[in-house]
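Trainee: Coordinates in target.cif, mmCIF, C-alpha atoms, are listed below.
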data_structure
loop_
_atom_site.group_PDB
_atom_site.id
_atom_site.type_symbol
_atom_site.label_atom_id
_atom_site.label_comp_id
_atom_site.auth_asym_id
_atom_site.auth_seq_id
_atom_site.Cartn_x
_atom_site.Cartn_y
_atom_site.Cartn_z
ATOM 1 C CA MET B 1 -65.139 234.048 -114.258
ATOM 2 C CA THR B 2 -62.225 232.563 -112.573
ATOM 3 C CA GLY B 3 -63.832 229.233 -111.851
ATOM 4 C CA VAL B 4 -64.071 229.763 -108.140
ATOM 5 C CA GLY B 5 -67.584 229.795 -107.030
ATOM 6 C CA VAL B 6 -69.818 228.774 -104.253
ATOM 7 C CA GLY B 7 -71.243 225.722 -105.919
ATOM 8 C CA MET B 8 -68.002 224.409 -107.344
ATOM 9 C CA SER B 9 -65.520 222.661 -105.078
ATOM 10 C CA ASN B 10 -62.663 220.156 -105.588
ATOM 11 C CA ARG B 11 -63.142 218.426 -102.214
ATOM 12 C CA ASP B 12 -64.824 215.050 -101.811
ATOM 13 C CA GLY B 13 -67.393 216.408 -99.468
ATOM 14 C CA ILE B 14 -66.321 214.243 -96.463
ATOM 15 C CA GLY B 15 -66.556 217.140 -94.152
ATOM 16 C CA CYS B 16 -65.627 217.507 -90.506
ATOM 17 C CA LEU B 17 -67.560 214.431 -89.340
ATOM 18 C CA GLY B 18 -65.822 212.218 -91.903
ATOM 19 C CA SER B 19 -62.377 213.445 -90.793
ATOM 20 C CA ILE B 20 -63.143 212.736 -87.132
ATOM 21 C CA LEU B 21 -64.476 209.288 -88.036
ATOM 22 C CA SER B 22 -61.314 208.522 -90.056
ATOM 23 C CA LEU B 23 -59.071 209.565 -87.141
ATOM 24 C CA VAL B 24 -61.043 207.410 -84.666
ATOM 25 C CA LEU B 25 -60.888 204.449 -87.042
ATOM 26 C CA LEU B 26 -57.125 204.944 -87.477
ATOM 27 C CA ALA B 27 -56.647 205.182 -83.680
ATOM 28 C CA VAL B 28 -58.602 201.945 -83.165
ATOM 29 C CA LEU B 29 -56.851 200.020 -85.928
ATOM 30 C CA TRP B 30 -53.338 201.411 -85.350
ATOM 31 C CA PRO B 31 -52.097 198.585 -83.030
ATOM 32 C CA TYR B 32 -53.327 195.953 -85.494
ATOM 33 C CA ILE B 33 -51.621 197.682 -88.399
ATOM 34 C CA ILE B 34 -48.327 197.843 -86.447
ATOM 35 C CA ALA B 35 -48.694 194.146 -85.502
ATOM 36 C CA ALA B 36 -49.297 193.174 -89.139
ATOM 37 C CA ILE B 37 -46.217 195.118 -90.245
ATOM 38 C CA GLY B 38 -44.153 193.426 -87.468
ATOM 39 C CA ILE B 39 -45.349 189.955 -88.511
ATOM 40 C CA TYR B 40 -44.461 190.708 -92.126
ATOM 41 C CA ILE B 41 -40.949 191.865 -91.149
ATOM 42 C CA ALA B 42 -40.475 188.746 -88.970
ATOM 43 C CA PHE B 43 -41.564 186.590 -91.911
ATOM 44 C CA LEU B 44 -39.028 188.283 -94.207
ATOM 45 C CA ILE B 45 -36.243 187.777 -91.641
ATOM 46 C CA LEU B 46 -37.202 184.103 -91.217
ATOM 47 C CA VAL B 47 -37.097 183.557 -94.982
ATOM 48 C CA GLU B 48 -33.617 185.121 -95.122
ATOM 49 C CA ILE B 49 -32.372 182.974 -92.227
ATOM 50 C CA LEU B 50 -33.683 179.801 -93.867
ATOM 51 C CA ALA B 51 -32.086 180.790 -97.161
ATOM 52 C CA TRP B 52 -28.733 181.287 -95.395
ATOM 53 C CA ILE B 53 -29.066 177.911 -93.648
ATOM 54 C CA ALA B 54 -29.835 176.268 -96.990
ATOM 55 C CA THR B 55 -26.595 177.618 -98.460
ATOM 56 C CA ASN B 56 -24.409 176.940 -95.366
ATOM 57 C CA TRP B 57 -25.920 173.684 -94.082
ATOM 58 C CA ILE B 58 -22.571 172.023 -93.311
ATOM 59 C CA MET B 59 -21.466 174.797 -90.972
ATOM 60 C CA VAL B 60 -24.897 174.853 -89.312
ATOM 61 C CA GLY B 61 -24.679 171.081 -88.760
ATOM 62 C CA VAL B 62 -21.236 171.385 -87.186
ATOM 63 C CA TRP B 63 -22.427 174.091 -84.803
ATOM 64 C CA LEU B 64 -25.514 172.075 -83.872
ATOM 65 C CA MET B 65 -23.366 169.019 -83.078
ATOM 66 C CA PHE B 66 -21.008 171.189 -81.014
ATOM 67 C CA PHE B 67 -23.836 172.614 -78.907
ATOM 68 C CA LEU B 68 -25.463 169.187 -78.586
ATOM 69 C CA GLY B 69 -22.164 167.802 -77.276
ATOM 70 C CA ILE B 70 -21.831 170.597 -74.719
ATOM 71 C CA TYR B 71 -25.442 170.056 -73.633
ATOM 72 C CA LEU B 72 -24.920 166.311 -73.147
ATOM 73 C CA VAL B 73 -21.679 166.830 -71.213
ATOM 74 C CA LEU B 74 -23.415 169.251 -68.864
ATOM 75 C CA LYS B 75 -26.592 167.167 -68.577
ATOM 76 C CA TYR B 76 -24.827 163.944 -67.613
ATOM 77 C CA LYS B 77 -22.182 165.769 -65.490
ATOM 78 C CA LEU B 78 -19.343 163.949 -67.206
ATOM 79 C CA PRO B 79 -16.452 166.058 -65.816
ATOM 80 C CA SER B 80 -17.637 165.652 -62.230
ATOM 81 C CA ARG B 81 -18.135 161.913 -62.748
ATOM 82 C CA ALA B 82 -14.642 161.581 -64.161
ATOM 83 C CA PHE B 83 -13.132 163.480 -61.225
ATOM 84 C CA ALA B 84 -15.220 161.422 -58.780
ATOM 85 C CA ARG B 85 -13.984 158.194 -60.349
ATOM 86 C CA ILE B 86 -10.361 159.328 -60.131
ATOM 87 C CA ALA B 87 -10.838 160.482 -56.531
ATOM 88 C CA PHE B 88 -12.608 157.219 -55.644
ATOM 89 C CA LYS B 89 -9.739 155.140 -56.996
ATOM 90 C CA ARG B 90 -7.392 157.225 -54.881
ATOM 91 C CA GLU B 91 -9.630 156.913 -51.782
ATOM 92 C CA LYS B 92 -10.114 153.193 -52.257
ATOM 93 C CA ALA B 93 -6.454 152.736 -51.452
ATOM 94 C CA SER B 94 -6.996 154.567 -48.152
ATOM 95 C CA PHE B 95 -9.600 152.016 -46.995
ATOM 96 C CA LYS B 96 -7.936 149.465 -44.746
ATOM 97 C CA THR B 97 -9.335 146.194 -43.581
ATOM 98 C CA ILE B 98 -9.308 145.552 -39.862
ATOM 99 C CA ASP B 99 -6.906 142.782 -38.986
ATOM 100 C CA TRP B 100 -8.760 140.521 -36.591
ATOM 101 C CA PRO B 101 -6.933 137.772 -34.757
ATOM 102 C CA ALA B 102 -7.426 134.362 -36.326
ATOM 103 C CA ALA B 103 -10.295 132.411 -34.843
ATOM 104 C CA PRO B 104 -9.131 129.053 -33.509
ATOM 105 C CA GLN B 105 -11.135 126.078 -34.692
ATOM 106 C CA ARG B 106 -12.025 123.251 -32.326
ATOM 107 C CA ALA B 107 -13.737 120.011 -33.013
ATOM 108 C CA PRO B 108 -17.263 119.836 -31.600
ATOM 109 C CA GLU B 109 -17.591 117.878 -28.379
ATOM 110 C CA HIS B 110 -21.119 116.724 -29.055
ATOM 111 C CA SER B 111 -22.975 116.511 -32.329
ATOM 112 C CA THR B 112 -25.979 118.333 -30.849
ATOM 113 C CA LYS B 113 -23.868 121.181 -29.557
ATOM 114 C CA ASP B 114 -22.703 123.963 -31.874
ATOM 115 C CA PRO B 115 -18.983 124.146 -32.387
ATOM 116 C CA SER B 116 -17.385 126.622 -30.121
ATOM 117 C CA VAL B 117 -15.634 129.166 -32.339
ATOM 118 C CA PHE B 118 -13.976 132.224 -30.917
ATOM 119 C CA THR B 119 -15.434 135.362 -32.501
ATOM 120 C CA PRO B 120 -13.645 138.568 -31.742
ATOM 121 C CA SER B 121 -15.802 140.657 -29.508
ATOM 122 C CA THR B 122 -15.559 144.396 -29.969
ATOM 123 C CA ASN B 123 -17.788 147.368 -29.412
ATOM 124 C CA LEU B 124 -17.342 148.557 -32.993
ATOM 125 C CA TYR B 125 -20.490 149.327 -34.935
ATOM 126 C CA CYS B 126 -20.949 150.382 -38.551
ATOM 127 C CA TYR B 127 -20.930 154.158 -38.995
ATOM 128 C CA TRP B 128 -23.970 154.075 -41.316
ATOM 129 C CA CYS B 129 -26.217 151.164 -40.399
ATOM 130 C CA THR B 130 -25.099 150.600 -36.764
ATOM 131 C CA LYS B 131 -24.715 146.853 -37.255
ATOM 132 C CA LYS B 132 -22.139 145.201 -35.082
ATOM 133 C CA LEU B 133 -18.989 144.741 -37.113
ATOM 134 C CA GLY B 134 -17.766 141.274 -37.947
ATOM 135 C CA LEU B 135 -14.693 139.945 -39.679
ATOM 136 C CA GLN B 136 -15.320 141.885 -42.890
ATOM 137 C CA SER B 137 -14.915 145.462 -41.673
ATOM 138 C CA TRP B 138 -13.500 148.572 -43.302
ATOM 139 C CA GLU B 139 -11.923 151.608 -41.679
ATOM 140 C CA ARG B 140 -11.544 155.063 -43.128
ATOM 141 C CA SER B 141 -10.397 158.086 -41.163
ATOM 142 C CA GLY B 142 -11.472 156.622 -37.851
ATOM 143 C CA LYS B 143 -14.930 155.499 -39.060
ATOM 144 C CA TYR B 144 -15.719 151.829 -39.397
ATOM 145 C CA TYR B 145 -18.035 150.346 -42.048
ATOM 146 C CA CYS B 146 -19.498 146.874 -42.629
ATOM 147 C CA GLN B 147 -19.105 145.143 -45.996
ATOM 148 C CA SER B 148 -22.558 146.105 -47.345
ATOM 149 C CA CYS B 149 -22.130 149.783 -46.431
ATOM 150 C CA TYR B 150 -18.660 149.784 -47.945
ATOM 151 C CA GLU B 151 -20.121 148.476 -51.208
ATOM 152 C CA ALA B 152 -22.850 151.144 -51.034
ATOM 153 C CA ILE B 153 -20.164 153.800 -50.589
ATOM 154 C CA CYS B 154 -18.363 152.423 -53.633
ATOM 155 C CA LYS B 155 -21.524 152.556 -55.735
ATOM 156 C CA LYS B 156 -22.400 156.041 -54.524
ATOM 157 C CA LYS B 157 -18.930 157.366 -55.297
ATOM 158 C CA LEU B 158 -19.168 156.054 -58.853
ATOM 159 C CA ASP B 159 -22.782 157.252 -59.401
ATOM 160 C CA ILE B 160 -23.712 153.853 -60.761
ATOM 161 C CA GLU B 161 -27.191 153.808 -59.270
#
Rewrite the structure from the file as structure tokens, please.

Mentor:
Amino acid sequence: MTGVGVGMSNRDGIGCLGSILSLVLLAVLWPYIIAAIGIYIAFLILVEILAWIATNWIMVGVWLMFFLGIYLVLKYKLPSRAFARIAFKREKASFKTIDWPAAPQRAPEHSTKDPSVFTPSTNLYCYWCTKKLGLQSWERSGKYYCQSCYEAICKKKLDIE
């Protein structure tokens, strides 16, 4: 006999149902197997990156400080603040005070009566707060400002607030 017979077989005996069950199980578990392989590869890459950082820590520190400096410059808008400060110093020279005529002083006639002091009367009002302008007034390009608004403009230009 050649050893090939009906009762003798080298197969495990899983059969057709076992093959179908194995394929269904593989189809169900396939995404999880791929995810596990991806996590393992990511872990290996992370270990290699950390090993490189451990050997080149000085260069990594320099790069981190460089990017931190760029981040802080952009966060606090340092170039625009510097340009605003330079422009403000240039504009501050363009502000002119209004030259009012000197107010003559007279001695009071009666002690109960307020001293009569000439106050220049104009129809100029502050451009921002619409207060009537007094002796401390500022002019810039045809717009008139009171002292408090002028100080607010100065603070706003410098971004101090």

Trainee: Distance CA of Trp128 in chain B-CA of Lys155 in chain B, one decimal place?

Mentor: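 Going from CA of Trp128 in chain B over to CA of Lys155 in chain B, I get 14.7 Å.
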
Trainee: One decimal, Å: what's the distance from CA of Ser80 in chain B over to CA of Tyr127 in chain B, could you say?

Mentor: 26.1 Å

Trainee: Where's the centre, and what are the edge lengths in Å to one decimal, of a box along x, y and z enclosing all listed atoms of range 59-76 of chain B padded 6 Å per side, as AutoDock Vina command-line options?

Mentor:
--center_x -23.8 --center_y 169.4 --center_z -79.3 --size_x 17.6 --size_y 22.9 --size_z 35.4

Trainee: Could you tell me which residues the PyMOL selection byres ((chain B and resi 148) around 12) grabs in this file, written as a ChimeraX atom specification?

Mentor: /B:126-131,133-134,136-138,144-147,149-155

Trainee: Would you compute the distance between CA of Ile86 in chain B and CA of Glu139 in chain B? Give it in Å to one decimal.

Mentor: 20.1 Å
